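Asker: Just dropping this structure here.
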Amino acid sequence: MFLIVTRNFPPDLGGMQNLMEGLSNALLNHGPVKVFADYSDNSEVYDQNSKLNIQRVAGLKIFRKYRKANLIKEFMEQNELRASFFDHWKSIENIENEMLKKNKSFCLIHSKEINHPVGSSLHKRVLNALAKADHVIANSRFTKELAMKLGVKNVTVINPGCNYPISVNDEAKSFANEIYGQSSPKLITVSRLDGRKSHQNILMTIKNLLPKFPKLKYVSIGDGDERKNLEKLKRELKLDNNVKLIFSSTEQEKVALLEQSDVFVMPSVVYKKSVEGFGITYIEAASYGTPSIGGIYGGEGDAIKSGQTGYLCNGNDLNALYDTLSKILVNDHYKELGTNALNFSKNFSWNIIVKKYIELI
């Protein structure tokens with residue numbers, strides 16, 4: 001049996017939630033899986049429809065983590081495990097070493113959550129927690145290098161798997177047709193609206209590209225702290241006809257828009273201490289034959305082969321972003337890159353990725 005301990009799990013939305021769900025379901029092909037996850041709204045409905053054995057832990061955060069640790073200890077004492085997997089250093093922090101020694105343990109790292117000043121109390125907690133795991137799994141080469149600089153040892157890179165592509169229903173296809181209309185080229189971003197994702201620079205670049213591509217349409221899916229600023233900038237740049245900001249969408253609407261898009265644009269930058277550890281959304285886009293433009297500061301190089309499945313550029317540099325988008329759009333170059341991206345995305349099938357974990361057990 002495999003044990004999954006996670007703070008991030010569906011029906012909550014997000015990259016980490018998708019990763020832990022994908023890993024859990026992939027492990028089912030190799031044995032029974034028990035998941036300990038934090039309670040969230042509507043989790044009962046999700047759990048009833050899942051093939052996984054999921055136990056939710058509710059309550060105030062300060063007490064929940066200790067209650068969860070005790071429940072996990074009891075489960076580990078009563079069951080024979082092949083391996084245990086933790087989504088975050090905080091998920092393994094309160095698990096006793098003697099329990100972890102009974103089987104192989106894995107703790108996943110993603111960059112932001114370990115990026116604390118050397119010598120700080122949080123940095124010491126990270127090192128102590130990760131030292132408990134047999135294998136620390138970084139989501140990219142960038143994250144591994146960051147971890148090693150911070151003093152983390154025995155780091156292995158295993159990129160996240162991808163749950164996509166999923167089939168798109170007719171209703172969602174009609175929705176996407178209505179959004180895009182007769183526009184060309186079609187650009188898209190799927191992410192939270194925060195400072196790291198460079199939405200403001202994308203909008204300004206769209207404005208500069210319109211003389212070359214007057215029928216261009218850009219769609220952003222996601223919500224966040226930058227919402228009001230982006231709405232204001234969109235009005236100031238008079239982009240109502242060329243930019244659609246969608247703050248909430250269904251999964252089907254999202255994948256329908258991805259399927260019909262020509263280029264995925266998310267040139268992430270460093271924002272405070274936050275940096276893109278990998279970027280599974282680039283692979284999700286690639287699974288629909290859509291190439292990507294990503295940033296140069298984080299782990300995007302594992303998800304985008306620059307010049308082959310898309311391009312990496314400096315999201316802080318408007319000239320660089322303009323030149324990169326022009327290069328990918330002129331002469332429909334995105335079509336060739338999209339074919340390459342689709343083939344590349346197959347390397348991230350969970351059936352392939354999970355075997356890398358199994359080999360370490």
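Following the order of the structure tokens, first chain is A, next is B, and so on, with residues numbered from 1 inside each chain and ligands from 1 in the order they appear.
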List the spatial neighbours of segment 270-274 of chain A as a PyMOL selection string - criterion: any atom at most 7 Å away, only C-alpha atoms, same-chain residues fewer than 5 positions off excluded.
Answerer: chain A and resi 112+115+195-196+297
Asker: Those residues with N, CA and C atoms, as a PDB file, in the first residue's frame please?
Answerer:
```pdb
ATOM      1  N   LYS A 112       9.205  27.780  -4.179  1.00  0.00           N
ATOM      2  CA  LYS A 112       8.796  28.891  -3.316  1.00  0.00           C
ATOM      3  C   LYS A 112       8.777  28.501  -1.847  1.00  0.00           C
ATOM      4  N   ASN A 115      12.229  28.485  -0.168  1.00  0.00           N
ATOM      5  CA  ASN A 115      13.110  29.623  -0.434  1.00  0.00           C
ATOM      6  C   ASN A 115      13.085  30.635   0.719  1.00  0.00           C
ATOM      7  N   GLY A 195       1.640  39.047  -9.502  1.00  0.00           N
ATOM      8  CA  GLY A 195       2.766  39.773 -10.082  1.00  0.00           C
ATOM      9  C   GLY A 195       3.781  38.899 -10.776  1.00  0.00           C
ATOM     10  N   ARG A 196       3.842  37.621 -10.412  1.00  0.00           N
ATOM     11  CA  ARG A 196       4.850  36.727 -10.986  1.00  0.00           C
ATOM     12  C   ARG A 196       4.561  36.367 -12.435  1.00  0.00           C
ATOM     13  N   TYR A 297      13.642  32.663 -15.539  1.00  0.00           N
ATOM     14  CA  TYR A 297      14.184  32.746 -14.186  1.00  0.00           C
ATOM     15  C   TYR A 297      14.030  31.477 -13.361  1.00  0.00           C
TER      16      TYR A 297
END
```
Asker: Residues near Asp38 of chain A, anyone? I mean within 12 Å using only C-alpha atoms, not counting same-chain ones fewer than 4 positions away, as a list in words.
Answerer: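 Contacts, in chain order: Ile4, Val5, Thr6, Arg7, Asn8, Phe9, Pro10, Pro11, Asp12, Gln17, Ser43, Glu44, Ile54, Gln55, Arg56, Val57, Ala58, Gly59, Leu60, Lys61, Arg64, Lys65, Arg67, Lys68, Ala69, Asp87 and Ser91 of chain A.
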Asker: Write out, as a PDB file, in the first residue's frame, the residues just selected, with N, CA and C atoms.
Answerer:
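Okay, out-v8.pdb is ready:
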```pdb
ATOM      1  N   ILE A   4      -0.325   8.639   0.828  1.00  0.00           N
ATOM      2  CA  ILE A   4      -0.193  10.023   0.353  1.00  0.00           C
ATOM      3  C   ILE A   4      -0.630  10.960   1.468  1.00  0.00           C
ATOM      4  N   VAL A   5       0.239  11.874   1.859  1.00  0.00           N
ATOM      5  CA  VAL A   5      -0.103  12.890   2.863  1.00  0.00           C
ATOM      6  C   VAL A   5       0.009  14.249   2.193  1.00  0.00           C
ATOM      7  N   THR A   6      -1.103  14.964   2.119  1.00  0.00           N
ATOM      8  CA  THR A   6      -1.101  16.208   1.347  1.00  0.00           C
ATOM      9  C   THR A   6      -1.993  17.268   1.963  1.00  0.00           C
ATOM     10  N   ARG A   7      -1.556  18.486   1.850  1.00  0.00           N
ATOM     11  CA  ARG A   7      -2.385  19.637   2.232  1.00  0.00           C
ATOM     12  C   ARG A   7      -3.154  20.148   1.019  1.00  0.00           C
ATOM     13  N   ASN A   8      -2.720  19.735  -0.187  1.00  0.00           N
ATOM     14  CA  ASN A   8      -3.282  20.249  -1.437  1.00  0.00           C
ATOM     15  C   ASN A   8      -3.917  19.100  -2.224  1.00  0.00           C
ATOM     16  N   PHE A   9      -5.234  19.153  -2.365  1.00  0.00           N
ATOM     17  CA  PHE A   9      -5.908  18.061  -3.072  1.00  0.00           C
ATOM     18  C   PHE A   9      -7.259  18.550  -3.580  1.00  0.00           C
ATOM     19  N   PRO A  10      -7.703  18.007  -4.734  1.00  0.00           N
ATOM     20  CA  PRO A  10      -9.035  18.361  -5.227  1.00  0.00           C
ATOM     21  C   PRO A  10     -10.102  17.997  -4.186  1.00  0.00           C
ATOM     22  N   PRO A  11     -11.241  18.688  -4.222  1.00  0.00           N
ATOM     23  CA  PRO A  11     -11.715  19.556  -5.308  1.00  0.00           C
ATOM     24  C   PRO A  11     -11.123  20.965  -5.310  1.00  0.00           C
ATOM     25  N   ASP A  12     -10.221  21.287  -4.359  1.00  0.00           N
ATOM     26  CA  ASP A  12      -9.527  22.572  -4.459  1.00  0.00           C
ATOM     27  C   ASP A  12      -8.768  22.623  -5.783  1.00  0.00           C
ATOM     28  N   GLN A  17      -2.593  20.696  -6.410  1.00  0.00           N
ATOM     29  CA  GLN A  17      -3.730  19.791  -6.262  1.00  0.00           C
ATOM     30  C   GLN A  17      -3.761  18.781  -7.410  1.00  0.00           C
ATOM     31  N   SER A  43     -15.701  18.472  -0.658  1.00  0.00           N
ATOM     32  CA  SER A  43     -14.815  17.313  -0.754  1.00  0.00           C
ATOM     33  C   SER A  43     -15.583  15.997  -0.637  1.00  0.00           C
ATOM     34  N   GLU A  44     -16.749  16.003   0.040  1.00  0.00           N
ATOM     35  CA  GLU A  44     -17.519  14.769   0.165  1.00  0.00           C
ATOM     36  C   GLU A  44     -17.937  14.241  -1.196  1.00  0.00           C
ATOM     37  N   ILE A  54      -9.783   8.095   0.527  1.00  0.00           N
ATOM     38  CA  ILE A  54      -9.396   9.423   1.003  1.00  0.00           C
ATOM     39  C   ILE A  54      -9.959   9.668   2.397  1.00  0.00           C
ATOM     40  N   GLN A  55      -9.109  10.100   3.307  1.00  0.00           N
ATOM     41  CA  GLN A  55      -9.537  10.494   4.649  1.00  0.00           C
ATOM     42  C   GLN A  55      -9.235  11.974   4.823  1.00  0.00           C
ATOM     43  N   ARG A  56     -10.266  12.757   5.106  1.00  0.00           N
ATOM     44  CA  ARG A  56     -10.114  14.205   5.267  1.00  0.00           C
ATOM     45  C   ARG A  56      -9.923  14.562   6.738  1.00  0.00           C
ATOM     46  N   VAL A  57      -9.120  15.563   6.964  1.00  0.00           N
ATOM     47  CA  VAL A  57      -8.869  16.052   8.320  1.00  0.00           C
ATOM     48  C   VAL A  57      -9.294  17.514   8.379  1.00  0.00           C
ATOM     49  N   ALA A  58     -10.225  17.822   9.270  1.00  0.00           N
ATOM     50  CA  ALA A  58     -10.765  19.180   9.381  1.00  0.00           C
ATOM     51  C   ALA A  58     -10.274  19.835  10.669  1.00  0.00           C
ATOM     52  N   GLY A  59     -10.745  21.051  10.902  1.00  0.00           N
ATOM     53  CA  GLY A  59     -10.409  21.770  12.125  1.00  0.00           C
ATOM     54  C   GLY A  59      -9.481  22.937  11.882  1.00  0.00           C
ATOM     55  N   LEU A  60      -9.249  23.719  12.944  1.00  0.00           N
ATOM     56  CA  LEU A  60      -8.351  24.861  12.858  1.00  0.00           C
ATOM     57  C   LEU A  60      -6.946  24.401  12.488  1.00  0.00           C
ATOM     58  N   LYS A  61      -6.271  25.178  11.619  1.00  0.00           N
ATOM     59  CA  LYS A  61      -4.971  24.772  11.094  1.00  0.00           C
ATOM     60  C   LYS A  61      -3.970  24.444  12.204  1.00  0.00           C
ATOM     61  N   ARG A  64      -5.075  21.147  13.531  1.00  0.00           N
ATOM     62  CA  ARG A  64      -5.278  20.127  12.496  1.00  0.00           C
ATOM     63  C   ARG A  64      -3.992  19.370  12.172  1.00  0.00           C
ATOM     64  N   LYS A  65      -2.873  20.093  12.083  1.00  0.00           N
ATOM     65  CA  LYS A  65      -1.629  19.430  11.680  1.00  0.00           C
ATOM     66  C   LYS A  65      -1.195  18.372  12.682  1.00  0.00           C
ATOM     67  N   ARG A  67      -3.340  16.749  14.816  1.00  0.00           N
ATOM     68  CA  ARG A  67      -4.344  15.681  14.732  1.00  0.00           C
ATOM     69  C   ARG A  67      -4.079  14.798  13.515  1.00  0.00           C
ATOM     70  N   LYS A  68      -3.725  15.451  12.413  1.00  0.00           N
ATOM     71  CA  LYS A  68      -3.427  14.714  11.189  1.00  0.00           C
ATOM     72  C   LYS A  68      -2.207  13.815  11.389  1.00  0.00           C
ATOM     73  N   ALA A  69      -1.178  14.331  12.026  1.00  0.00           N
ATOM     74  CA  ALA A  69       0.030  13.546  12.279  1.00  0.00           C
ATOM     75  C   ALA A  69      -0.271  12.331  13.135  1.00  0.00           C
ATOM     76  N   ASP A  87       3.457  16.012   0.195  1.00  0.00           N
ATOM     77  CA  ASP A  87       3.409  17.070  -0.822  1.00  0.00           C
ATOM     78  C   ASP A  87       4.230  18.300  -0.451  1.00  0.00           C
ATOM     79  N   SER A  91       4.167  18.841   5.620  1.00  0.00           N
ATOM     80  CA  SER A  91       3.372  17.619   5.739  1.00  0.00           C
ATOM     81  C   SER A  91       4.153  16.492   6.405  1.00  0.00           C
TER      82      SER A  91
END
```
Asker: What's the 10 Å shell around Asp225 of chain A, counting only C-alpha atoms, without same-chain residues fewer than 5 positions away, as a ChimeraX atom specification?
Answerer: /A:192-195,230
Asker: Point out the residue among A:Lys228, A:Arg82, A:Lys144, A:Lys73 with the least atom-to-atom distance to Asp302 of chain A, counting only C-alpha atoms.
Answerer: A:Lys144
Asker: Quick one: pick out all strand (DSSP E) residues within segment 84-320 of chain A from a backbone DSSP run and write them as a ChimeraX atom specification.
Answerer: /A:84-86,104-109,135-138,155-157,186-190,217-221,243-246,263-266,292-294,310-312
Asker: Find the residue from A:Gly224, A:Gly279, A:Pro267, A:Gly310 that sits nearest to Ser248 of chain A; use only C-alpha atoms when measuring.
Answerer: A:Gly224
Asker: If you run DSSP on the backbone, which residues of segment 30-139 of chain A are helix (DSSP H, G or I), as an MDAnalysis selection string?
Answerer: chainID A and resid 30 43:48 61:78 89:92 97:100 112:114 121:130
Asker: Smallest atom-to-atom distance to Asp240 of chain A: which of A:Lys207, A:His199, A:Lys186, A:Lys254, using only C-alpha atoms?
Answerer: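 Of A:Lys207, A:His199, A:Lys186, A:Lys254, the one nearest Asp240 of chain A, counting only C-alpha atoms, is A:Lys207.
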Asker: Could I get the residues of segment 240-329 of chain A with an atom no further than 8 Å from an atom of segment 341-352 of chain A, each paired with its nearest atom pair and that distance in Å to one decimal, using only C-alpha atoms, sorted by chain and residue number, as a tab-separated table?
Answerer:
```
residue	atom	partner	partner_atom	distance
A:Ile283	CA	A:Ser345	CA	5.7
A:Glu284	CA	A:Ser345	CA	7.7
A:Ala286	CA	A:Ala341	CA	4.8
A:Ser287	CA	A:Leu342	CA	5.0
A:Tyr288	CA	A:Leu342	CA	6.4
A:Gly289	CA	A:Leu342	CA	4.6
A:Thr290	CA	A:Ala341	CA	6.6
A:Pro291	CA	A:Ala341	CA	5.7
A:Gln308	CA	A:Ala341	CA	7.5
A:Thr309	CA	A:Ala341	CA	4.5
A:Gly310	CA	A:Ala341	CA	7.5
```
Asker: Near Glu93 of chain A, within 10 Å and counting only C-alpha atoms, which residues show up once chain neighbours fewer than 3 positions away are dropped, as a list in words?
Answerer: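 The contact residues come out as Lys65, Ala69, Phe86, His88, Trp89, Lys90, Glu96, Asn97, Arg125, Val126, Leu127, Asn128, Ala129, Leu130, Ala131, Lys132 and Ala133 of chain A.
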Asker: Tell me which of A:Gly119, A:Gly222, A:Pro160, A:Pro185 sits closest to His333 of chain A, counting only C-alpha atoms.
Answerer: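 Of the candidates, the smallest distance to His333 of chain A is held by A:Pro185.
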